[in-house]
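Below is one structure; the comments refer to it alone.
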Protein chains: 2
Amino acid sequence: MPFLNKLTIVGIGLLGGSIAAAAKDKGITQQCVGIDCNAQHLQYAKQLNLIDSIGALDAETLQDTELLIFCTPVSTLPALIRKALPFLPSTAIISDVGSTKASLVAAIAPELHLHKAVFIPAHPIAGSQHNGPQAAQANLFENKPILLTPLDNTPDWALNKLREFWRLLGGNITEGSPQWHDEVFAEISHAPHLLSFLAVDLINKQPEADKLWALAGNGLRDFTRIGASHPDMWRDISLENRDAILNSLKRYRIGLDEMIHQLENNDIEALYTLFKRAQAARKKRWD
Amino acid sequence: MPFLNKLTIVGIGLLGGSIAAAAKDKGITQQCVGIDCNAQHLQYAKQLNLIDSIGALDAETLQDTELLIFCTPVSTLPALIRKALPFLPSTAIISDVGSTKASLVAAIAPELHLHKAVFIPAHPIAGSQHNGPQAAQANLFENKPILLTPLDNTPDWALNKLREFWRLLGGNITEGSPQWHDEVFAEISHAPHLLSFLAVDLINKQPEADKLWALAGNGLRDFTRIGASHPDMWRDISLENRDAILNSLKRYRIGLDEMIHQLENNDIEALYTLFKRAQAARKKRWD
């Protein structure tokens with residue numbers, strides 16, 4: 001018997017489509033239902049057998065849903081979750097795949113309480129530069145970190161079930177509070193994205209920018225890859241995780257001021273110490 | 001008849017070895033002589049047929065050298081060029097492959113003048129994460145930008161000859177002054193390297209840094225790839241191109257201050273405008 005009777009996914013893009021593909025591929029769910037405002041994506045997901053049927057945030061789709069995963073932009077989640085709550089059974093688990101957690105939890109906590117609903121935010125650290133269900137991969141989550149951020153009142157049965165679901169999809173589970181998640185991701189993802197956007201913009205403002213871009217090598221190509229990320233997504237993240245991003249950018253400002261101070265004082269040895277420390281730390285993580 | 005009678009390369013690492021490999025492979029030179037303080041590198045280069053013989057910065061090697069290319073760290077160049085000058089014929093061209101230009105030119109201008117020697121700094125924008133002659137590739141420069149920075153008194157015959165040499169190696173020639181080179185590379189390479197080192201160091205200073213690294217995805221991996229660069233090389237570059245790097249880092253500080261100001265004032269639309277502008281510029285350069 002499959003692990004789930006019914007999995008419902010809202011937003012069948014790269015992540016939603018890959019969850020569906022993996023769940024079908026590994027026989028994790030009896031039924032997989034897709035919900036999306038993009039009819040083409042739904043049709044494509046159906047044709048590819050990523051989903052068994054097309055549903056809606058209504059009683060018919062939700063009354064027997066065991067796991068409802070939202071894979072739409074973070075900014076859409078409060079309204080969509082509110083819409084789903086009246087139709088979900090008390091045994092259902094709501095989850096998501098968003099890049100920010102604390103402000104979302106704050107926004108919908110009262111309604112969750114009112115409906116005695118179980119919401120466990122999740123953040124699979126997996127992606128691709130491609131979008132849409134066409135880019136879905138059943139192995140997208142294999143050996144990828146999956147960060148679960150249970151709330152204070154999350155029941156054990158639900159947390160265990162969501163853990164097992166992601167384990168079956170191939171992920172490596174890590175857990176922390178929504179606040180901790182947001183501080184960590186400001187540091188390891190959000191601030192670097194903003195700096196990468198800034199680097200592209202500064203180069204682009206130079207005289208003869210086209211000539212500069214033509215001379216740029218693979219180092220800059222990689223450094224600015226995340227500077228080509230989707231602006232709408234990063235507007236949302238900047239808004240949702242403003243405080244933690246601010247803290248992180250202020251640490252960059254302090255570090256940058258130190259570097260400027262060291263260069264101005266010809267203290268190249270201090271810079272060299274930082275380079276050595278950084279190289280060692282980076283090599284510890286990736287080859 | 002080959003384009004050159006005798007090519008002498010000082011420093012048979014990745015770049016020197018690849019120039020040798022390409023020159024031999026394409027029949028550009030009759031003879032290729034290697035000079036290196038690392039005996040193992042020389043032996044390896046000889047075994048691989050990258051070079052025909054092993055030389056030294058003395059009369060025997062240099063008296064009939066047509067093109068002498070230094071591929072050693074920028075900090076070693078003034079002393080090495082000074083050592084070579086007395087032995088070179090007036091028809092020889094001296095060049096290099098270093099990442100900074102103006103301070104080197106200033107350091108050796110008097111000796112060049114004294115010996116009526118021709119030095120044309122060059123910077124091939126090509127590399128690899130691997131080092132040493134083992135990593136040499138004959139096609140390393142194919143379709144790669146090669147920036148030549150002739151001096152005010154560089155004779156046309158010499159500039160034309162060096163242009164043709166690099167064209168034969170497969171490169172795309174661009175030209176500018178040494179000062180312009182240094183300002184451009186501070187912007188498109190040096191400042192990004194320093195920021196990438198800084199990003200690694202800031203994450204590494206966080207509590208539970210190992211947990212943060214484990215959660216980091218491909219975005220951070222690429223953003224920090226240049227933060228694993230060789231500390232010695234980046235100490236040299238920081239020293240040699242201090243002024244231009246300082247100017248570039250100060251522009252980052254202004255940009256960072258603006259981002260912090262926008263976040264503090266909830267002016268997410270201003271950030272969004274920057275994200276859109278950056279994404280468009282990045283996509284124009286790399287798919």
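By order in the structure tokens, chains are A, B, ...; within a chain, residues start at 1; ligands start at 1, following the order shown.
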Spatial neighbours of B:Lys161, 12 Å, only C-alpha atoms, chain gap at least 5 places, as a PyMOL selection string: chain B and resi 3-4+66-67+91-95+118+120+148+154-156+166-168
Go through stretch 54-170 of chain A and collect every residue that DSSP, computed from the backbone, puts in strand (DSSP E); the answer should be as a PyMOL selection string. chain A and resi 54+67-70+93-96+118-120+122-124+145-148
I'd like the contact shell of B:Val10 - 7 Å cut-off, only C-alpha atoms, skipping same-chain residues fewer than 2 positions apart - returned as a short mmCIF file (atom, residue, chain, number, x, y, z; two decimals) with all heavy atoms, in the first residue's frame.
```
data_model
loop_
_atom_site.label_atom_id
_atom_site.label_comp_id
_atom_site.auth_asym_id
_atom_site.auth_seq_id
_atom_site.Cartn_x
_atom_site.Cartn_y
_atom_site.Cartn_z
N THR B 8 60.32 31.57 -25.87
CA THR B 8 60.80 31.17 -24.55
C THR B 8 59.74 31.53 -23.51
O THR B 8 59.23 32.66 -23.50
CB THR B 8 62.15 31.86 -24.22
OG1 THR B 8 63.10 31.48 -25.23
CG2 THR B 8 62.66 31.44 -22.86
N ILE B 12 56.25 27.34 -16.37
CA ILE B 12 55.50 26.35 -17.16
C ILE B 12 54.40 25.75 -16.28
O ILE B 12 54.44 24.57 -15.93
CB ILE B 12 56.45 25.27 -17.71
CG1 ILE B 12 57.61 25.89 -18.49
CG2 ILE B 12 55.70 24.29 -18.59
CD1 ILE B 12 57.22 26.48 -19.83
N GLY B 34 61.58 26.20 -22.25
CA GLY B 34 60.92 26.43 -20.96
C GLY B 34 61.90 26.80 -19.87
O GLY B 34 63.00 26.24 -19.82
N ILE B 35 61.50 27.73 -19.03
CA ILE B 35 62.30 28.12 -17.86
C ILE B 35 61.38 28.06 -16.66
O ILE B 35 60.24 28.53 -16.72
CB ILE B 35 62.85 29.56 -18.02
CG1 ILE B 35 63.75 29.66 -19.26
CG2 ILE B 35 63.59 29.99 -16.76
CD1 ILE B 35 64.27 31.06 -19.54
N ASP B 36 61.84 27.44 -15.58
CA ASP B 36 60.99 27.35 -14.39
C ASP B 36 61.89 27.04 -13.20
O ASP B 36 62.91 26.36 -13.37
CB ASP B 36 59.92 26.26 -14.57
CG ASP B 36 58.73 26.45 -13.65
OD1 ASP B 36 58.91 26.51 -12.42
OD2 ASP B 36 57.60 26.55 -14.17
N ILE B 69 57.80 35.13 -22.91
CA ILE B 69 56.56 35.35 -22.16
C ILE B 69 56.72 34.89 -20.73
O ILE B 69 57.04 33.72 -20.47
CB ILE B 69 55.37 34.60 -22.80
CG1 ILE B 69 55.23 34.98 -24.28
CG2 ILE B 69 54.08 34.93 -22.06
CD1 ILE B 69 54.00 34.39 -24.94
N PHE B 70 56.50 35.80 -19.81
CA PHE B 70 56.56 35.46 -18.39
C PHE B 70 55.18 35.02 -17.91
O PHE B 70 54.20 35.74 -18.05
CB PHE B 70 57.02 36.68 -17.58
CG PHE B 70 58.47 37.01 -17.79
CD1 PHE B 70 58.86 37.89 -18.79
CD2 PHE B 70 59.45 36.41 -17.01
CE1 PHE B 70 60.19 38.18 -19.01
CE2 PHE B 70 60.79 36.69 -17.21
CZ PHE B 70 61.17 37.58 -18.22
N CYS B 71 55.13 33.82 -17.35
CA CYS B 71 53.87 33.28 -16.82
C CYS B 71 54.02 32.96 -15.34
O CYS B 71 53.48 31.96 -14.85
CB CYS B 71 53.46 32.04 -17.61
SG CYS B 71 53.32 32.34 -19.38
N THR B 72 54.77 33.77 -14.63
CA THR B 72 54.99 33.59 -13.20
C THR B 72 54.15 34.65 -12.47
O THR B 72 53.63 35.57 -13.09
CB THR B 72 56.48 33.78 -12.87
OG1 THR B 72 56.90 35.07 -13.34
CG2 THR B 72 57.33 32.70 -13.54
#
```
Please identify all polymer residues within 12 Å of B:Ala280, counting only C-alpha atoms, omitting same-chain residues fewer than 5 positions from it, and present them as a JSON list (two decimals) with all heavy atoms, in the first residue's frame.
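Resulting contents of around.json:
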```
[["chain", "number", "residue", "atom", "x", "y", "z"],
["A", 197, "PHE", "N", 23.10, 40.40, -7.60],
["A", 197, "PHE", "CA", 22.36, 41.40, -8.39],
["A", 197, "PHE", "C", 23.13, 42.73, -8.40],
["A", 197, "PHE", "O", 23.26, 43.38, -9.44],
["A", 197, "PHE", "CB", 20.97, 41.66, -7.77],
["A", 197, "PHE", "CG", 19.92, 40.62, -8.08],
["A", 197, "PHE", "CD1", 19.24, 39.96, -7.06],
["A", 197, "PHE", "CD2", 19.54, 40.34, -9.39],
["A", 197, "PHE", "CE1", 18.24, 39.03, -7.32],
["A", 197, "PHE", "CE2", 18.53, 39.42, -9.67],
["A", 197, "PHE", "CZ", 17.88, 38.75, -8.64],
["A", 200, "VAL", "N", 26.20, 42.72, -10.76],
["A", 200, "VAL", "CA", 25.81, 42.87, -12.17],
["A", 200, "VAL", "C", 25.46, 44.32, -12.45],
["A", 200, "VAL", "O", 25.89, 44.91, -13.45],
["A", 200, "VAL", "CB", 24.60, 41.97, -12.51],
["A", 200, "VAL", "CG1", 24.11, 42.26, -13.92],
["A", 200, "VAL", "CG2", 24.96, 40.50, -12.36],
["A", 201, "ASP", "N", 24.71, 44.93, -11.54],
["A", 201, "ASP", "CA", 24.24, 46.30, -11.77],
["A", 201, "ASP", "C", 25.40, 47.29, -11.78],
["A", 201, "ASP", "O", 25.41, 48.22, -12.59],
["A", 201, "ASP", "CB", 23.21, 46.66, -10.70],
["A", 201, "ASP", "CG", 22.35, 47.84, -11.14],
["A", 201, "ASP", "OD1", 21.86, 47.82, -12.29],
["A", 201, "ASP", "OD2", 22.18, 48.78, -10.34],
["A", 204, "ASN", "N", 27.27, 46.97, -14.95],
["A", 204, "ASN", "CA", 26.46, 47.48, -16.04],
["A", 204, "ASN", "C", 26.39, 49.00, -16.09],
["A", 204, "ASN", "O", 26.07, 49.57, -17.13],
["A", 204, "ASN", "CB", 25.06, 46.90, -15.93],
["A", 204, "ASN", "CG", 24.50, 46.60, -17.27],
["A", 204, "ASN", "OD1", 25.19, 46.01, -18.10],
["A", 204, "ASN", "ND2", 23.28, 47.03, -17.53],
["A", 227, "GLY", "N", 22.64, 36.30, -9.94],
["A", 227, "GLY", "CA", 22.21, 37.66, -10.29],
["A", 227, "GLY", "C", 21.30, 37.68, -11.51],
["A", 227, "GLY", "O", 20.85, 38.74, -11.94],
["A", 228, "ALA", "N", 21.03, 36.50, -12.07],
["A", 228, "ALA", "CA", 20.07, 36.39, -13.17],
["A", 228, "ALA", "C", 18.79, 35.70, -12.68],
["A", 228, "ALA", "O", 17.99, 35.23, -13.47],
["A", 228, "ALA", "CB", 20.68, 35.60, -14.33],
["A", 229, "SER", "N", 18.62, 35.64, -11.37],
["A", 229, "SER", "CA", 17.43, 34.98, -10.81],
["A", 229, "SER", "C", 16.18, 35.81, -11.08],
["A", 229, "SER", "O", 16.25, 36.97, -11.46],
["A", 229, "SER", "CB", 17.59, 34.79, -9.30],
["A", 229, "SER", "OG", 18.72, 34.00, -9.02],
["A", 230, "HIS", "N", 15.04, 35.18, -10.83],
["A", 230, "HIS", "CA", 13.77, 35.81, -11.17],
["A", 230, "HIS", "C", 13.48, 37.01, -10.25],
["A", 230, "HIS", "O", 13.33, 36.84, -9.05],
["A", 230, "HIS", "CB", 12.66, 34.78, -11.06],
["A", 230, "HIS", "CG", 11.50, 35.13, -11.94],
["A", 230, "HIS", "ND1", 10.79, 36.30, -11.80],
["A", 230, "HIS", "CD2", 10.96, 34.50, -12.99],
["A", 230, "HIS", "CE1", 9.86, 36.35, -12.73],
["A", 230, "HIS", "NE2", 9.94, 35.27, -13.47],
["A", 231, "PRO", "N", 13.38, 38.21, -10.81],
["A", 231, "PRO", "CA", 13.18, 39.41, -9.98],
["A", 231, "PRO", "C", 11.94, 39.33, -9.10],
["A", 231, "PRO", "O", 11.97, 39.78, -7.95],
["A", 231, "PRO", "CB", 13.03, 40.55, -11.00],
["A", 231, "PRO", "CG", 13.69, 40.05, -12.24],
["A", 231, "PRO", "CD", 13.50, 38.56, -12.24],
["B", 273, "THR", "N", 13.38, 47.09, -8.98],
["B", 273, "THR", "CA", 13.88, 47.73, -10.21],
["B", 273, "THR", "C", 15.33, 47.32, -10.47],
["B", 273, "THR", "O", 15.71, 47.00, -11.60],
["B", 273, "THR", "CB", 13.78, 49.26, -10.07],
["B", 273, "THR", "OG1", 12.41, 49.59, -9.79],
["B", 273, "THR", "CG2", 14.22, 49.97, -11.33],
["B", 274, "LEU", "N", 16.13, 47.30, -9.41],
["B", 274, "LEU", "CA", 17.52, 46.87, -9.56],
["B", 274, "LEU", "C", 17.58, 45.39, -9.98],
["B", 274, "LEU", "O", 18.34, 45.02, -10.88],
["B", 274, "LEU", "CB", 18.28, 47.09, -8.25],
["B", 274, "LEU", "CG", 19.80, 46.82, -8.29],
["B", 274, "LEU", "CD1", 20.53, 47.72, -7.29],
["B", 274, "LEU", "CD2", 20.15, 45.37, -8.00],
["B", 275, "PHE", "N", 16.78, 44.54, -9.34],
["B", 275, "PHE", "CA", 16.79, 43.10, -9.69],
["B", 275, "PHE", "C", 16.47, 42.92, -11.18],
["B", 275, "PHE", "O", 17.11, 42.13, -11.87],
["B", 275, "PHE", "CB", 15.74, 42.31, -8.88],
["B", 275, "PHE", "CG", 15.97, 42.29, -7.39],
["B", 275, "PHE", "CD1", 14.93, 41.91, -6.54],
["B", 275, "PHE", "CD2", 17.18, 42.66, -6.83],
["B", 275, "PHE", "CE1", 15.11, 41.88, -5.16],
["B", 275, "PHE", "CE2", 17.37, 42.64, -5.45],
["B", 275, "PHE", "CZ", 16.33, 42.24, -4.62],
["B", 285, "ARG", "N", 24.51, 38.76, -21.39],
["B", 285, "ARG", "CA", 25.88, 38.26, -21.53],
["B", 285, "ARG", "C", 25.96, 36.73, -21.55],
["B", 285, "ARG", "O", 26.70, 36.15, -22.32],
["B", 285, "ARG", "CB", 26.74, 38.83, -20.40],
["B", 285, "ARG", "CG", 28.15, 38.23, -20.30],
["B", 285, "ARG", "CD", 28.97, 38.51, -21.56],
["B", 285, "ARG", "NE", 30.35, 38.03, -21.42],
["B", 285, "ARG", "CZ", 30.76, 36.82, -21.79],
["B", 285, "ARG", "NH1", 29.91, 35.97, -22.32],
["B", 285, "ARG", "NH2", 32.01, 36.47, -21.64],
["B", 286, "TRP", "N", 25.23, 36.12, -20.64],
["B", 286, "TRP", "CA", 25.27, 34.64, -20.56],
["B", 286, "TRP", "C", 23.84, 34.12, -20.63],
["B", 286, "TRP", "O", 23.05, 34.34, -19.71],
["B", 286, "TRP", "CB", 25.94, 34.18, -19.26],
["B", 286, "TRP", "CG", 27.43, 34.39, -19.24],
["B", 286, "TRP", "CD1", 28.36, 33.72, -19.98],
["B", 286, "TRP", "CD2", 28.16, 35.33, -18.45],
["B", 286, "TRP", "NE1", 29.62, 34.18, -19.68],
["B", 286, "TRP", "CE2", 29.53, 35.17, -18.74],
["B", 286, "TRP", "CE3", 27.79, 36.31, -17.50],
["B", 286, "TRP", "CZ2", 30.52, 35.94, -18.14],
["B", 286, "TRP", "CZ3", 28.78, 37.07, -16.91],
["B", 286, "TRP", "CH2", 30.13, 36.88, -17.23],
["B", 287, "ASP", "N", 23.54, 33.40, -21.67],
["B", 287, "ASP", "CA", 22.16, 32.97, -22.01],
["B", 287, "ASP", "C", 21.13, 33.38, -20.98],
["B", 287, "ASP", "O", 20.37, 32.62, -20.47],
["B", 287, "ASP", "CB", 22.08, 31.50, -22.32],
["B", 287, "ASP", "CG", 22.21, 30.57, -21.11],
["B", 287, "ASP", "OD1", 22.52, 31.05, -20.00],
["B", 287, "ASP", "OD2", 21.98, 29.39, -21.29]]
```
Please provide as a PyMOL selection string all residues within 12 Å of A:His41, with the sequence filter that same-chain residues fewer than 5 positions apart are discarded (counting only C-alpha atoms). chain A and resi 10-14+16-17+34-36+46-48+50-51+54+131-136
Got time to write the residues from that selection, N, CA and C atoms, as a CSV table (one decimal), in the first residue's frame?
```csv
chain,number,residue,atom,x,y,z
A,10,VAL,N,-0.4,22.2,-5.0
A,10,VAL,CA,-0.8,23.5,-5.6
A,10,VAL,C,0.4,24.2,-6.2
A,11,GLY,N,0.3,24.4,-7.6
A,11,GLY,CA,1.4,25.0,-8.3
A,11,GLY,C,2.3,23.9,-8.8
A,12,ILE,N,2.1,23.6,-10.1
A,12,ILE,CA,2.8,22.5,-10.7
A,12,ILE,C,3.9,23.0,-11.6
A,13,GLY,N,4.9,23.7,-11.0
A,13,GLY,CA,6.0,24.2,-11.7
A,13,GLY,C,7.2,23.2,-11.6
A,14,LEU,N,8.4,23.8,-11.5
A,14,LEU,CA,9.6,22.9,-11.3
A,14,LEU,C,9.5,22.1,-10.0
A,16,GLY,N,6.8,21.8,-7.7
A,16,GLY,CA,5.6,21.0,-7.6
A,16,GLY,C,5.6,19.8,-8.5
A,17,GLY,N,6.0,20.1,-9.7
A,17,GLY,CA,6.1,19.0,-10.7
A,17,GLY,C,7.1,17.9,-10.3
A,34,GLY,N,-3.3,17.7,-9.0
A,34,GLY,CA,-2.7,19.0,-9.3
A,34,GLY,C,-3.6,20.2,-9.3
A,35,ILE,N,-3.2,21.3,-8.8
A,35,ILE,CA,-4.0,22.5,-8.8
A,35,ILE,C,-3.1,23.6,-9.3
A,36,ASP,N,-3.5,24.4,-10.3
A,36,ASP,CA,-2.7,25.5,-10.8
A,36,ASP,C,-3.6,26.5,-11.5
A,46,LYS,N,-0.5,16.6,-16.7
A,46,LYS,CA,-1.4,15.5,-16.9
A,46,LYS,C,-0.8,14.6,-18.0
A,47,GLN,N,-0.5,15.2,-19.1
A,47,GLN,CA,0.1,14.4,-20.2
A,47,GLN,C,1.3,13.6,-19.8
A,48,LEU,N,2.1,14.3,-19.0
A,48,LEU,CA,3.4,13.6,-18.5
A,48,LEU,C,3.2,12.6,-17.4
A,50,LEU,N,2.5,13.3,-14.4
A,50,LEU,CA,3.0,13.7,-13.1
A,50,LEU,C,1.8,13.7,-12.1
A,51,ILE,N,0.6,14.1,-12.6
A,51,ILE,CA,-0.6,14.1,-11.8
A,51,ILE,C,-1.6,13.1,-12.4
A,54,ILE,N,-6.9,16.8,-12.1
A,54,ILE,CA,-6.8,18.2,-11.9
A,54,ILE,C,-7.9,18.6,-10.8
A,131,ASN,N,12.4,26.4,-15.5
A,131,ASN,CA,11.1,26.5,-14.8
A,131,ASN,C,10.0,25.6,-15.4
A,132,GLY,N,8.9,25.5,-14.7
A,132,GLY,CA,7.7,24.9,-15.3
A,132,GLY,C,7.8,23.4,-15.2
A,133,PRO,N,6.6,22.7,-15.4
A,133,PRO,CA,6.5,21.3,-15.2
A,133,PRO,C,7.4,20.5,-16.3
A,134,GLN,N,7.8,21.1,-17.4
A,134,GLN,CA,8.6,20.5,-18.4
A,134,GLN,C,10.0,20.2,-17.7
A,135,ALA,N,10.4,21.0,-16.7
A,135,ALA,CA,11.7,20.8,-16.1
A,135,ALA,C,11.7,19.9,-14.9
A,136,ALA,N,10.5,19.3,-14.6
A,136,ALA,CA,10.3,18.5,-13.4
A,136,ALA,C,11.2,17.2,-13.5
```
Using DSSP on the backbone coordinates, identify the residues of stretch 8-41 of chain A assigned to alpha helix (DSSP H); present them as a list in words. Leu14, Leu15, Gly16, Gly17, Ser18, Ile19, Ala20, Ala21, Ala22, Ala23, Lys24, Asp25, Ala39, Gln40 and His41 of chain A
Neighbours of A:Leu7 within 7 Å (only C-alpha atoms; same-chain residues fewer than 6 positions away dropped), as a PDB file with N, CA and C atoms, in the first residue's frame?
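Resulting contents of selection05.pdb:
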```pdb
ATOM      1  N   THR A  29       2.360   7.644  -3.421  1.00  0.00           N
ATOM      2  CA  THR A  29       0.959   8.038  -3.239  1.00  0.00           C
ATOM      3  C   THR A  29       0.040   7.277  -4.200  1.00  0.00           C
ATOM      4  N   GLN A  31      -2.917   8.515  -5.188  1.00  0.00           N
ATOM      5  CA  GLN A  31      -3.427   9.542  -6.104  1.00  0.00           C
ATOM      6  C   GLN A  31      -2.599  10.808  -5.958  1.00  0.00           C
ATOM      7  N   CYS A  32      -2.348  11.474  -7.085  1.00  0.00           N
ATOM      8  CA  CYS A  32      -1.712  12.793  -7.029  1.00  0.00           C
ATOM      9  C   CYS A  32      -2.566  13.780  -7.807  1.00  0.00           C
ATOM     10  N   VAL A  33      -3.047  14.797  -7.091  1.00  0.00           N
ATOM     11  CA  VAL A  33      -3.936  15.787  -7.705  1.00  0.00           C
ATOM     12  C   VAL A  33      -3.187  17.105  -7.867  1.00  0.00           C
ATOM     13  N   THR A  65      -7.802  14.749   1.182  1.00  0.00           N
ATOM     14  CA  THR A  65      -6.359  14.990   0.970  1.00  0.00           C
ATOM     15  C   THR A  65      -5.607  14.741   2.270  1.00  0.00           C
ATOM     16  N   GLU A  66      -4.525  13.949   2.174  1.00  0.00           N
ATOM     17  CA  GLU A  66      -3.703  13.700   3.371  1.00  0.00           C
ATOM     18  C   GLU A  66      -2.587  14.715   3.505  1.00  0.00           C
ATOM     19  N   LEU A  67      -2.023  15.081   2.353  1.00  0.00           N
ATOM     20  CA  LEU A  67      -0.912  16.039   2.358  1.00  0.00           C
ATOM     21  C   LEU A  67      -1.162  17.043   1.245  1.00  0.00           C
ATOM     22  N   LEU A  68      -1.192  18.328   1.646  1.00  0.00           N
ATOM     23  CA  LEU A  68      -1.440  19.419   0.694  1.00  0.00           C
ATOM     24  C   LEU A  68      -0.192  20.295   0.682  1.00  0.00           C
TER      25      LEU A  68
END
```
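The shell of residues at most 9 Å from A:Ile125, with only C-alpha atoms counted and near chain neighbours (fewer than 3 positions) removed, consists of Val97, Ser99, Phe141, Lys144, Pro145, Ile146 and Leu147 of chain A; Leu215, Ala216, Gly217 and Asn218 of chain B.
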Okay, now the selection with N, CA and C atoms, as a PDB file, in the first residue's frame?
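File produced: again-v5.pdb:
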```
ATOM      1  N   VAL A  97       6.997  24.862   0.051  1.00  0.00           N
ATOM      2  CA  VAL A  97       8.399  24.707  -0.359  1.00  0.00           C
ATOM      3  C   VAL A  97       9.092  26.072  -0.424  1.00  0.00           C
ATOM      4  N   SER A  99      10.905  29.878   0.349  1.00  0.00           N
ATOM      5  CA  SER A  99      12.243  30.279   0.784  1.00  0.00           C
ATOM      6  C   SER A  99      12.243  31.136   2.039  1.00  0.00           C
ATOM      7  N   PHE A 141      15.222  15.731  -5.671  1.00  0.00           N
ATOM      8  CA  PHE A 141      15.456  15.874  -4.226  1.00  0.00           C
ATOM      9  C   PHE A 141      16.421  14.832  -3.659  1.00  0.00           C
ATOM     10  N   LYS A 144      19.364  15.841  -1.390  1.00  0.00           N
ATOM     11  CA  LYS A 144      19.323  17.283  -1.196  1.00  0.00           C
ATOM     12  C   LYS A 144      18.830  17.586   0.216  1.00  0.00           C
ATOM     13  N   PRO A 145      19.320  18.678   0.825  1.00  0.00           N
ATOM     14  CA  PRO A 145      18.827  19.030   2.157  1.00  0.00           C
ATOM     15  C   PRO A 145      17.357  19.475   2.091  1.00  0.00           C
ATOM     16  N   ILE A 146      16.565  18.961   3.034  1.00  0.00           N
ATOM     17  CA  ILE A 146      15.166  19.381   3.160  1.00  0.00           C
ATOM     18  C   ILE A 146      15.029  19.952   4.568  1.00  0.00           C
ATOM     19  N   LEU A 147      14.755  21.240   4.654  1.00  0.00           N
ATOM     20  CA  LEU A 147      14.661  21.871   5.972  1.00  0.00           C
ATOM     21  C   LEU A 147      13.191  21.954   6.381  1.00  0.00           C
TER      22      LEU A 147
ATOM     23  N   LEU B 215      23.537  23.131   4.491  1.00  0.00           N
ATOM     24  CA  LEU B 215      22.253  23.532   3.904  1.00  0.00           C
ATOM     25  C   LEU B 215      22.415  24.343   2.619  1.00  0.00           C
ATOM     26  N   ALA B 216      23.613  24.810   2.357  1.00  0.00           N
ATOM     27  CA  ALA B 216      23.830  25.700   1.216  1.00  0.00           C
ATOM     28  C   ALA B 216      23.651  24.959  -0.103  1.00  0.00           C
ATOM     29  N   GLY B 217      23.025  25.618  -1.051  1.00  0.00           N
ATOM     30  CA  GLY B 217      22.733  25.009  -2.343  1.00  0.00           C
ATOM     31  C   GLY B 217      23.703  25.467  -3.429  1.00  0.00           C
ATOM     32  N   ASN B 218      23.321  25.163  -4.679  1.00  0.00           N
ATOM     33  CA  ASN B 218      24.193  25.459  -5.817  1.00  0.00           C
ATOM     34  C   ASN B 218      24.420  26.953  -6.027  1.00  0.00           C
TER      35      ASN B 218
END
```
Let me make sure I understand: among B:Asp222, B:Glu164, B:Asp243, B:Asp52, which one has the smallest atom-to-atom distance to chain A if we use only C-alpha atoms? B:Asp222
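Of the listed residues (A:Ala45, A:Leu112, A:Leu57, A:Leu198), A:Leu198 comes nearest to chain B; the distances count only C-alpha atoms.
Coordinates place atom CA of A:His261 at a distance of 16.4 Å from atom CA of B:Glu240.
Among the candidates A:Asp182, A:Asp25, A:Asp210, A:Glu142, the residue lying nearest to A:Ser103 is A:Asp182 (atoms considered: only C-alpha atoms).
For the pair atom CA of A:Glu208 and atom CA of B:Ala191, the separation is 17.9 Å.
Shortest separation to B:Cys37 among B:Leu151, B:Leu80, B:Ala126, B:Ala23 occurs at residue B:Leu80, atoms counted being only C-alpha atoms.
Take atom CA of B:His115 and atom CA of B:Arg82: the distance between them is 9.9 Å.
Restricting the calculation to only C-alpha atoms, the smallest distance between chain A and any of B:Phe165, B:Tyr272, B:Phe87, B:Phe119 is found for B:Tyr272.
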